[in-house]
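So the structure is just underneath, and the comments pick up after that.
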Amino acid sequence: MNPTVKKRIDFQVSRQQIKTHTGSTAKNLTREDNSRDLLGKFHKDRSVWIRARQRVLQYLSYQFPCALQLKQWGILNEVKCRLCGKYYKEKKVREPPDSVESVGHIQCYSPVLQLSRIAIHHGIWRELMFSIQKSSTKLNDASEPRWHFPSALSPEAHAEWGQYKILEYMGLHEILPPGAGQNRAKLRKDIEEYHIAYSIDFDETDIDTFNARRPDGLAFDTEKKSCVFLEYTRAMDTNEDWAEKKEQEKNDRYSSHLGFINHLSNREKSGWKASQPNFTTGVRGSLHTNQFLTRLESLGVKKKNTRKAIRNRTVQKTRSMSDIILQFFLIVLNSKTE
Ligand SMILES: [Zn+2]
């Protein structure tokens with residue numbers, strides 16, 4: 001086809017798309033729990049890089065120049081992720097994943113950006129966890145702090161709190177002196193027993209995966225005998241049901257762990273109960289406010305204003321940290337390769 005004719009067609013096509021653009025931006029800005037009330041504050045926050053502040057507005061209005069958008073504007077012919085393509089070419093791996101280069105793909109899925117994604121997850125979660133721990137001032141009947149957050153303080157503490165230690169803390173697993181793999185054997189038997197009792201499919205190799213998995217955080221109330229798994233997720237918030245979907249994924253991930261603890265607790269008549277509230281923020285700053293505040297309260301954050309402040313900080317932090325990944329994307333995409 002003649003290039004001039006093609007350009008014209010592309011231009012016509014992109015004009016047709018304008019309507020859908022305004023539709024999605026407006027829909028987004030009028031949606032509940034989109035943290036729109038904090039956008040102005042974010043934009044005025046001088047501790048956040050000016051480019052980051054601008055980019056949030058850019059992708060809220062579907063203007064971030066990713067391939068998906070560039071194609072709609074008639075600039076690119078393909079929507080395939082350029083970064084994945086480039087990376088696979090450099091590493092001389094044949095087939096790049098066939099993914100559409102959207103903000104969601106860059107933020108949450110592109111394998112090239114996996115490391116920065118993990119760092120951002122930890123950055124947001126550590127601050128949130130620290131705030132919860134610091135602000136959890138509710139006392140128990142003995143006038144001591146009601147909640148205990150053993151894994152909140154350092155990555156080392158977090159690494160230490162695996163299955164054995166969680167169960168030991170509740171007196172559901174006795175740690176035997178080292179040697180002959182006795183601890184392993186006993187726990188293995190218990191885990192098998194649980195899966196058989198509830199007819200859940202399970203085989204030998206699953207045991208290591210089961211034991212290796214640890215929640216992002218933990219909270220214990222020794223008086224009321226609550227063991228709480230805390231999970232944090234940063235997810236793409238384009239679709240209306242983004243948070244419910246993540247919630248379900250997270251619950252599925254730990255349902256057998258919670259089930260196992262409750263099973264042992266029943267068997268030993270110990271009275272402990274395990275549960276799991278999730279904390280989820282959207283890449284663009286969405287956050288289910290009521291649910292979030294209720295969960296903070298259930299963990300002993302007594303003051304209403306403190307709960308609000310934690311919510312605001314978490315939204316701000318998610319927005320500013322999420323920008324880092326877009327920065328990396330642009331840097332890697334534009335970097336020269338031999
Ligand atoms: Zn990609």
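Here, A, B, ... name the chains of the structure tokens in the order displayed, residue numbers run from 1 inside each chain, and ligands are numbered from 1 in the same displayed order.
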**Long-range neighbours of Ala52 in chain A as a PyMOL selection string, 9 Å cut-off, only C-alpha atoms, 2 positions minimum in chain** = chain A and resi 48-50+54-57+319-324+327
**Request:** Using only C-alpha atoms and all ligand atoms, find each protein or nucleic acid residue lying at most 8 Å from ligand 1; present the set as a ChimeraX atom specification.
**Result:** /A:80-85,97,99-101,105-106,109-112
Got time to write the residues from that selection, N, CA and C atoms, as a PDB file, in the first residue's frame?
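So again.pdb came out as:
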ATOM      1  N   LYS A  80       2.771  -5.675  20.036  1.00  0.00           N
ATOM      2  CA  LYS A  80       3.640  -6.604  20.771  1.00  0.00           C
ATOM      3  C   LYS A  80       4.660  -5.841  21.619  1.00  0.00           C
ATOM      4  N   CYS A  81       4.987  -6.378  22.791  1.00  0.00           N
ATOM      5  CA  CYS A  81       5.894  -5.686  23.698  1.00  0.00           C
ATOM      6  C   CYS A  81       7.301  -5.560  23.093  1.00  0.00           C
ATOM      7  N   ARG A  82       7.745  -4.317  22.945  1.00  0.00           N
ATOM      8  CA  ARG A  82       9.049  -4.063  22.337  1.00  0.00           C
ATOM      9  C   ARG A  82      10.176  -4.466  23.283  1.00  0.00           C
ATOM     10  N   LEU A  83       9.935  -4.299  24.575  1.00  0.00           N
ATOM     11  CA  LEU A  83      10.977  -4.605  25.549  1.00  0.00           C
ATOM     12  C   LEU A  83      11.251  -6.111  25.612  1.00  0.00           C
ATOM     13  N   CYS A  84      10.188  -6.886  25.703  1.00  0.00           N
ATOM     14  CA  CYS A  84      10.334  -8.347  25.714  1.00  0.00           C
ATOM     15  C   CYS A  84      11.019  -8.798  24.434  1.00  0.00           C
ATOM     16  N   GLY A  85      10.598  -8.234  23.308  1.00  0.00           N
ATOM     17  CA  GLY A  85      11.180  -8.590  22.017  1.00  0.00           C
ATOM     18  C   GLY A  85      12.671  -8.328  22.000  1.00  0.00           C
ATOM     19  N   PRO A  97       7.655 -13.795  24.445  1.00  0.00           N
ATOM     20  CA  PRO A  97       6.254 -14.032  24.787  1.00  0.00           C
ATOM     21  C   PRO A  97       5.367 -13.087  23.976  1.00  0.00           C
ATOM     22  N   SER A  99       3.074 -10.879  24.094  1.00  0.00           N
ATOM     23  CA  SER A  99       2.205 -10.072  24.944  1.00  0.00           C
ATOM     24  C   SER A  99       2.041  -8.670  24.401  1.00  0.00           C
ATOM     25  N   VAL A 100       0.897  -8.104  24.705  1.00  0.00           N
ATOM     26  CA  VAL A 100       0.579  -6.755  24.290  1.00  0.00           C
ATOM     27  C   VAL A 100       1.279  -5.781  25.224  1.00  0.00           C
ATOM     28  N   GLU A 101       1.941  -4.795  24.682  1.00  0.00           N
ATOM     29  CA  GLU A 101       2.642  -3.820  25.523  1.00  0.00           C
ATOM     30  C   GLU A 101       1.663  -2.756  26.020  1.00  0.00           C
ATOM     31  N   HIS A 105       0.885  -4.639  31.393  1.00  0.00           N
ATOM     32  CA  HIS A 105       1.943  -5.610  31.097  1.00  0.00           C
ATOM     33  C   HIS A 105       3.278  -5.110  31.661  1.00  0.00           C
ATOM     34  N   ILE A 106       3.566  -3.825  31.451  1.00  0.00           N
ATOM     35  CA  ILE A 106       4.830  -3.258  31.930  1.00  0.00           C
ATOM     36  C   ILE A 106       4.866  -3.308  33.457  1.00  0.00           C
ATOM     37  N   TYR A 109       3.610  -7.654  34.506  1.00  0.00           N
ATOM     38  CA  TYR A 109       3.911  -8.948  33.914  1.00  0.00           C
ATOM     39  C   TYR A 109       5.244  -9.093  33.185  1.00  0.00           C
ATOM     40  N   SER A 110       5.714  -8.041  32.525  1.00  0.00           N
ATOM     41  CA  SER A 110       6.900  -8.201  31.691  1.00  0.00           C
ATOM     42  C   SER A 110       8.048  -8.852  32.475  1.00  0.00           C
ATOM     43  N   PRO A 111       8.532 -10.019  32.015  1.00  0.00           N
ATOM     44  CA  PRO A 111       9.577 -10.727  32.773  1.00  0.00           C
ATOM     45  C   PRO A 111      10.878  -9.919  32.879  1.00  0.00           C
ATOM     46  N   VAL A 112      11.102  -9.006  31.937  1.00  0.00           N
ATOM     47  CA  VAL A 112      12.330  -8.214  31.945  1.00  0.00           C
ATOM     48  C   VAL A 112      12.408  -7.325  33.195  1.00  0.00           C
TER      49      VAL A 112
END
Selection near His263 in chain A, 10 Å with only C-alpha atoms, sequence-local residues under 2 positions removed, as a PDB file with C-alpha atoms, in the first residue's frame:
ATOM      1  CA  ASP A 190       0.812 -33.931  59.778  1.00  0.00           C
ATOM      2  CA  ILE A 191       0.608 -32.231  56.405  1.00  0.00           C
ATOM      3  CA  GLU A 193      -2.872 -36.299  57.311  1.00  0.00           C
ATOM      4  CA  TYR A 194      -4.525 -32.927  56.723  1.00  0.00           C
ATOM      5  CA  HIS A 195      -4.648 -33.318  52.953  1.00  0.00           C
ATOM      6  CA  ALA A 197      -8.669 -35.766  55.790  1.00  0.00           C
ATOM      7  CA  TYR A 198      -9.981 -33.046  53.490  1.00  0.00           C
ATOM      8  CA  SER A 256      -4.462 -24.895  52.534  1.00  0.00           C
ATOM      9  CA  HIS A 257      -1.962 -23.305  54.946  1.00  0.00           C
ATOM     10  CA  LEU A 258      -4.736 -21.716  56.964  1.00  0.00           C
ATOM     11  CA  GLY A 259      -6.736 -24.933  56.698  1.00  0.00           C
ATOM     12  CA  PHE A 260      -3.762 -26.902  57.937  1.00  0.00           C
ATOM     13  CA  ILE A 261      -3.217 -24.658  60.964  1.00  0.00           C
ATOM     14  CA  SER A 265      -5.430 -26.590  66.200  1.00  0.00           C
ATOM     15  CA  ASN A 266      -8.687 -28.551  66.286  1.00  0.00           C
ATOM     16  CA  ARG A 267      -6.850 -31.838  66.653  1.00  0.00           C
ATOM     17  CA  GLU A 268      -4.792 -30.523  69.574  1.00  0.00           C
ATOM     18  CA  LYS A 269      -7.779 -28.574  70.971  1.00  0.00           C
ATOM     19  CA  TRP A 272      -5.902 -21.102  67.760  1.00  0.00           C
ATOM     20  CA  LYS A 273      -7.567 -19.767  64.641  1.00  0.00           C
ATOM     21  CA  ALA A 274      -5.811 -18.659  61.474  1.00  0.00           C
TER      22      ALA A 274
END
**Prompt:** Residues at most 6 Å from range 64-70 of chain A, counting only C-alpha atoms, excluding those fewer than 6 positions away in the same chain, as a list in words?
**Reply:** Gln58, Leu76, Val79, Glu101 and Ser102 of chain A
**Request:** Per DSSP on the backbone, filter range 28-186 of chain A down to the residues in strand (DSSP E or B) and report them as number ranges by chain.
**Result:** A: 80, 100, 136, 139, 145, 148
**Asked** If we count only C-alpha atoms, what is near range 249-252 of chain A at a cut-off of 9 Å, once residues fewer than 3 positions away on the same chain are taken out, given as number ranges by chain?
**Response** A: 231-233, 244-246, 255-256, 276-278
Using N, CA and C atoms, can you write the selected residues to a file as a tab-separated table (two decimals), in the first residue's frame?
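Generated output (out.tsv):
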chain	number	residue	atom	x	y	z
A	231	GLU	N	-1.03	-10.36	53.67
A	231	GLU	CA	-0.53	-10.41	52.30
A	231	GLU	C	-0.69	-9.06	51.64
A	232	TYR	N	0.35	-8.65	50.92
A	232	TYR	CA	0.26	-7.39	50.20
A	232	TYR	C	0.40	-7.62	48.69
A	233	THR	N	-0.41	-6.98	47.91
A	233	THR	CA	-0.31	-7.06	46.45
A	233	THR	C	-0.45	-5.69	45.81
A	244	GLU	N	-11.09	-7.65	43.64
A	244	GLU	CA	-11.73	-8.93	43.99
A	244	GLU	C	-10.93	-10.09	43.41
A	245	LYS	N	-10.46	-9.90	42.19
A	245	LYS	CA	-9.70	-10.96	41.53
A	245	LYS	C	-8.43	-11.27	42.31
A	246	LYS	N	-7.72	-10.23	42.73
A	246	LYS	CA	-6.47	-10.41	43.47
A	246	LYS	C	-6.75	-11.06	44.81
A	255	SER	N	-4.97	-20.90	51.20
A	255	SER	CA	-6.12	-21.55	51.83
A	255	SER	C	-5.73	-22.86	52.50
A	256	SER	N	-4.80	-23.63	51.88
A	256	SER	CA	-4.46	-24.89	52.53
A	256	SER	C	-3.54	-24.68	53.75
A	276	GLN	N	-6.70	-14.55	57.23
A	276	GLN	CA	-5.83	-13.83	56.29
A	276	GLN	C	-6.49	-12.59	55.69
A	277	PRO	N	-6.20	-11.41	56.22
A	277	PRO	CA	-6.67	-10.20	55.54
A	277	PRO	C	-5.65	-9.78	54.49
A	278	ASN	N	-6.10	-9.38	53.30
A	278	ASN	CA	-5.16	-8.96	52.26
A	278	ASN	C	-5.15	-7.45	52.13
Could you give me, as a short mmCIF file (atom, residue, chain, number, x, y, z; two decimals) with N, CA and C atoms, in the first residue's frame, each residue of range 181-331 of chain A that DSSP assigns to alpha helix (DSSP H) when run on this structure's backbone?
data_model
loop_
_atom_site.label_atom_id
_atom_site.label_comp_id
_atom_site.auth_asym_id
_atom_site.auth_seq_id
_atom_site.Cartn_x
_atom_site.Cartn_y
_atom_site.Cartn_z
N GLN A 182 14.01 -35.35 62.11
CA GLN A 182 12.78 -35.67 62.87
C GLN A 182 11.70 -34.61 62.68
N ASN A 183 12.15 -33.32 62.68
CA ASN A 183 11.19 -32.23 62.52
C ASN A 183 10.44 -32.35 61.20
N ARG A 184 11.25 -32.59 60.18
CA ARG A 184 10.69 -32.73 58.85
C ARG A 184 9.68 -33.86 58.80
N ALA A 185 10.09 -35.00 59.35
CA ALA A 185 9.25 -36.19 59.27
C ALA A 185 7.91 -35.98 59.96
N LYS A 186 7.97 -35.35 61.13
CA LYS A 186 6.74 -35.15 61.90
C LYS A 186 5.80 -34.20 61.16
N LEU A 187 6.36 -33.10 60.69
CA LEU A 187 5.53 -32.11 59.99
C LEU A 187 4.95 -32.73 58.71
N ARG A 188 5.78 -33.50 58.04
CA ARG A 188 5.34 -34.15 56.81
C ARG A 188 4.12 -35.05 57.06
N LYS A 189 4.19 -35.78 58.15
CA LYS A 189 3.08 -36.69 58.49
C LYS A 189 1.79 -35.89 58.74
N ASP A 190 1.97 -34.78 59.48
CA ASP A 190 0.81 -33.93 59.78
C ASP A 190 0.20 -33.32 58.52
N ILE A 191 1.10 -32.86 57.64
CA ILE A 191 0.61 -32.23 56.40
C ILE A 191 -0.14 -33.25 55.55
N GLU A 192 0.41 -34.46 55.49
CA GLU A 192 -0.25 -35.52 54.71
C GLU A 192 -1.61 -35.84 55.31
N GLU A 193 -1.63 -35.98 56.62
CA GLU A 193 -2.87 -36.30 57.31
C GLU A 193 -3.96 -35.27 56.99
N TYR A 194 -3.57 -34.00 57.01
CA TYR A 194 -4.52 -32.93 56.72
C TYR A 194 -5.09 -33.05 55.31
N HIS A 195 -4.20 -33.25 54.34
CA HIS A 195 -4.65 -33.32 52.95
C HIS A 195 -5.54 -34.54 52.70
N ILE A 196 -5.23 -35.63 53.37
CA ILE A 196 -6.08 -36.81 53.21
C ILE A 196 -7.44 -36.57 53.85
N ALA A 197 -7.42 -36.00 55.06
CA ALA A 197 -8.67 -35.77 55.79
C ALA A 197 -9.65 -34.89 55.00
N ASP A 206 4.91 -31.75 46.59
CA ASP A 206 4.21 -30.54 47.01
C ASP A 206 4.61 -30.10 48.41
N ILE A 207 5.16 -31.02 49.21
CA ILE A 207 5.46 -30.69 50.60
C ILE A 207 6.48 -29.56 50.72
N ASP A 208 7.51 -29.61 49.88
CA ASP A 208 8.52 -28.55 49.95
C ASP A 208 7.95 -27.20 49.56
N THR A 209 7.13 -27.19 48.52
CA THR A 209 6.49 -25.94 48.10
C THR A 209 5.61 -25.42 49.24
N PHE A 210 4.89 -26.34 49.85
CA PHE A 210 4.00 -25.98 50.95
C PHE A 210 4.78 -25.33 52.09
N ASN A 211 5.91 -25.92 52.45
CA ASN A 211 6.69 -25.39 53.56
C ASN A 211 7.46 -24.12 53.22
N ALA A 212 7.83 -24.00 51.95
CA ALA A 212 8.66 -22.86 51.55
C ALA A 212 7.85 -21.57 51.47
N TRP A 242 -10.74 -5.51 39.65
CA TRP A 242 -9.31 -5.81 39.86
C TRP A 242 -9.01 -6.32 41.26
N ALA A 243 -9.62 -5.69 42.28
CA ALA A 243 -9.26 -6.05 43.66
C ALA A 243 -9.85 -7.40 44.07
N GLU A 244 -11.09 -7.65 43.64
CA GLU A 244 -11.73 -8.93 43.99
C GLU A 244 -10.93 -10.09 43.41
N LYS A 245 -10.46 -9.90 42.19
CA LYS A 245 -9.70 -10.96 41.53
C LYS A 245 -8.43 -11.27 42.31
N LYS A 246 -7.72 -10.23 42.73
CA LYS A 246 -6.47 -10.41 43.47
C LYS A 246 -6.75 -11.06 44.81
N GLU A 247 -7.82 -10.62 45.43
CA GLU A 247 -8.22 -11.14 46.73
C GLU A 247 -8.40 -12.67 46.61
N GLN A 248 -9.09 -13.08 45.56
CA GLN A 248 -9.34 -14.50 45.36
C GLN A 248 -8.03 -15.25 45.14
N GLU A 249 -7.15 -14.69 44.33
CA GLU A 249 -5.86 -15.33 44.06
C GLU A 249 -5.07 -15.54 45.34
N LYS A 250 -5.08 -14.49 46.16
CA LYS A 250 -4.31 -14.54 47.42
C LYS A 250 -4.91 -15.55 48.38
N ASN A 251 -6.23 -15.57 48.44
CA ASN A 251 -6.88 -16.52 49.34
C ASN A 251 -6.61 -17.96 48.91
N ASP A 252 -6.62 -18.18 47.60
CA ASP A 252 -6.35 -19.53 47.10
C ASP A 252 -4.92 -19.95 47.44
N ARG A 253 -4.01 -18.98 47.39
CA ARG A 253 -2.60 -19.28 47.61
C ARG A 253 -2.35 -19.84 49.01
N TYR A 254 -3.08 -19.33 49.98
CA TYR A 254 -2.82 -19.76 51.36
C TYR A 254 -3.95 -20.56 52.00
N SER A 255 -4.97 -20.90 51.20
CA SER A 255 -6.12 -21.55 51.83
C SER A 255 -5.73 -22.86 52.50
N SER A 256 -4.80 -23.63 51.88
CA SER A 256 -4.46 -24.89 52.53
C SER A 256 -3.54 -24.68 53.75
N HIS A 257 -2.78 -23.59 53.76
CA HIS A 257 -1.96 -23.30 54.95
C HIS A 257 -2.84 -22.96 56.14
N LEU A 258 -3.83 -22.09 55.88
CA LEU A 258 -4.74 -21.72 56.96
C LEU A 258 -5.53 -22.94 57.40
N GLY A 259 -5.98 -23.71 56.40
CA GLY A 259 -6.74 -24.93 56.70
C GLY A 259 -5.92 -25.88 57.55
N PHE A 260 -4.65 -26.00 57.21
CA PHE A 260 -3.76 -26.90 57.94
C PHE A 260 -3.59 -26.46 59.40
N ILE A 261 -3.37 -25.17 59.60
CA ILE A 261 -3.22 -24.66 60.96
C ILE A 261 -4.50 -24.91 61.76
N ASN A 262 -5.65 -24.60 61.14
CA ASN A 262 -6.91 -24.80 61.85
C ASN A 262 -7.19 -26.28 62.13
N HIS A 263 -6.73 -27.12 61.20
CA HIS A 263 -6.88 -28.57 61.39
C HIS A 263 -6.05 -29.05 62.60
N LEU A 264 -4.78 -28.65 62.63
CA LEU A 264 -3.91 -29.04 63.76
C LEU A 264 -4.46 -28.49 65.08
N SER A 265 -4.92 -27.24 65.00
CA SER A 265 -5.43 -26.59 66.20
C SER A 265 -6.65 -27.33 66.76
N ASN A 266 -7.53 -27.76 65.86
CA ASN A 266 -8.69 -28.55 66.29
C ASN A 266 -8.26 -29.87 66.89
N ARG A 267 -7.31 -30.52 66.20
CA ARG A 267 -6.85 -31.84 66.65
C ARG A 267 -6.24 -31.75 68.05
N THR A 289 -11.12 1.66 50.11
CA THR A 289 -10.89 2.40 51.35
C THR A 289 -11.53 1.76 52.58
N ASN A 290 -12.83 1.46 52.52
CA ASN A 290 -13.50 0.94 53.72
C ASN A 290 -12.89 -0.37 54.19
N GLN A 291 -12.65 -1.24 53.21
CA GLN A 291 -12.07 -2.54 53.53
C GLN A 291 -10.68 -2.35 54.15
N PHE A 292 -9.91 -1.48 53.59
CA PHE A 292 -8.55 -1.21 54.06
C PHE A 292 -8.57 -0.68 55.50
N LEU A 293 -9.45 0.30 55.75
CA LEU A 293 -9.52 0.89 57.09
C LEU A 293 -10.00 -0.13 58.12
N THR A 294 -10.97 -0.96 57.72
CA THR A 294 -11.49 -1.98 58.64
C THR A 294 -10.39 -2.98 59.00
N ARG A 295 -9.60 -3.33 58.01
CA ARG A 295 -8.52 -4.30 58.26
C ARG A 295 -7.45 -3.71 59.19
N LEU A 296 -7.18 -2.41 59.02
CA LEU A 296 -6.23 -1.77 59.93
C LEU A 296 -6.77 -1.80 61.35
N GLU A 297 -8.06 -1.51 61.46
CA GLU A 297 -8.68 -1.48 62.79
C GLU A 297 -8.63 -2.86 63.43
N SER A 298 -8.88 -3.88 62.63
CA SER A 298 -8.88 -5.24 63.18
C SER A 298 -7.47 -5.63 63.67
N LYS A 304 -8.78 6.71 64.43
CA LYS A 304 -9.36 6.89 63.10
C LYS A 304 -8.42 7.72 62.21
N ASN A 305 -7.88 8.78 62.77
CA ASN A 305 -7.00 9.65 61.97
C ASN A 305 -5.73 8.93 61.53
N THR A 306 -5.22 8.07 62.41
CA THR A 306 -4.03 7.30 62.04
C THR A 306 -4.35 6.38 60.88
N ARG A 307 -5.52 5.74 60.95
CA ARG A 307 -5.92 4.82 59.87
C ARG A 307 -5.99 5.58 58.55
N LYS A 308 -6.58 6.77 58.61
CA LYS A 308 -6.69 7.59 57.40
C LYS A 308 -5.31 7.96 56.87
N ALA A 309 -4.44 8.36 57.79
CA ALA A 309 -3.10 8.77 57.38
C ALA A 309 -2.35 7.60 56.72
N ILE A 310 -2.54 6.41 57.27
CA ILE A 310 -1.86 5.23 56.68
C ILE A 310 -2.40 4.98 55.28
N ARG A 311 -3.71 5.13 55.13
CA ARG A 311 -4.31 4.95 53.79
C ARG A 311 -3.70 5.96 52.81
N ASN A 312 -3.65 7.23 53.21
CA ASN A 312 -3.12 8.25 52.30
C ASN A 312 -1.67 7.96 51.93
N ARG A 313 -0.88 7.61 52.93
CA ARG A 313 0.54 7.34 52.67
C ARG A 313 0.71 6.16 51.72
N THR A 314 -0.12 5.12 51.94
CA THR A 314 0.00 3.92 51.11
C THR A 314 -0.33 4.22 49.65
N VAL A 315 -1.36 5.04 49.44
CA VAL A 315 -1.73 5.41 48.06
C VAL A 315 -0.61 6.23 47.42
N GLN A 316 -0.10 7.22 48.17
CA GLN A 316 0.98 8.07 47.64
C GLN A 316 2.20 7.23 47.27
N LYS A 317 2.53 6.35 48.20
CA LYS A 317 3.71 5.51 48.01
C LYS A 317 3.53 4.60 46.79
N THR A 318 2.36 4.01 46.64
CA THR A 318 2.13 3.12 45.49
C THR A 318 2.26 3.91 44.20
N ARG A 319 1.69 5.11 44.20
CA ARG A 319 1.77 5.92 42.98
C ARG A 319 3.21 6.29 42.65
N SER A 320 3.96 6.71 43.65
CA SER A 320 5.32 7.15 43.32
C SER A 320 6.23 5.97 43.01
N MET A 321 6.08 4.86 43.74
CA MET A 321 6.93 3.70 43.48
C MET A 321 6.60 3.06 42.13
N SER A 322 5.32 3.07 41.77
CA SER A 322 4.92 2.45 40.50
C SER A 322 5.54 3.17 39.32
N ASP A 323 5.88 4.42 39.53
CA ASP A 323 6.49 5.16 38.43
C ASP A 323 7.89 4.63 38.09
N ILE A 324 8.56 4.10 39.11
CA ILE A 324 9.93 3.61 38.90
C ILE A 324 9.97 2.58 37.77
N ILE A 325 8.96 1.75 37.73
CA ILE A 325 8.96 0.69 36.73
C ILE A 325 8.77 1.25 35.32
N LEU A 326 8.01 2.33 35.21
CA LEU A 326 7.84 2.97 33.90
C LEU A 326 9.15 3.64 33.48
N GLN A 327 9.83 4.22 34.47
CA GLN A 327 11.15 4.81 34.19
C GLN A 327 12.10 3.76 33.63
N PHE A 328 12.17 2.61 34.33
CA PHE A 328 13.05 1.53 33.87
C PHE A 328 12.67 1.08 32.47
N PHE A 329 11.38 0.96 32.27
CA PHE A 329 10.90 0.52 30.97
C PHE A 329 11.45 1.43 29.87
N LEU A 330 11.31 2.74 30.08
CA LEU A 330 11.75 3.69 29.06
C LEU A 330 13.27 3.65 28.89
N ILE A 331 13.98 3.53 30.02
CA ILE A 331 15.45 3.50 29.95
C ILE A 331 15.93 2.28 29.17
#
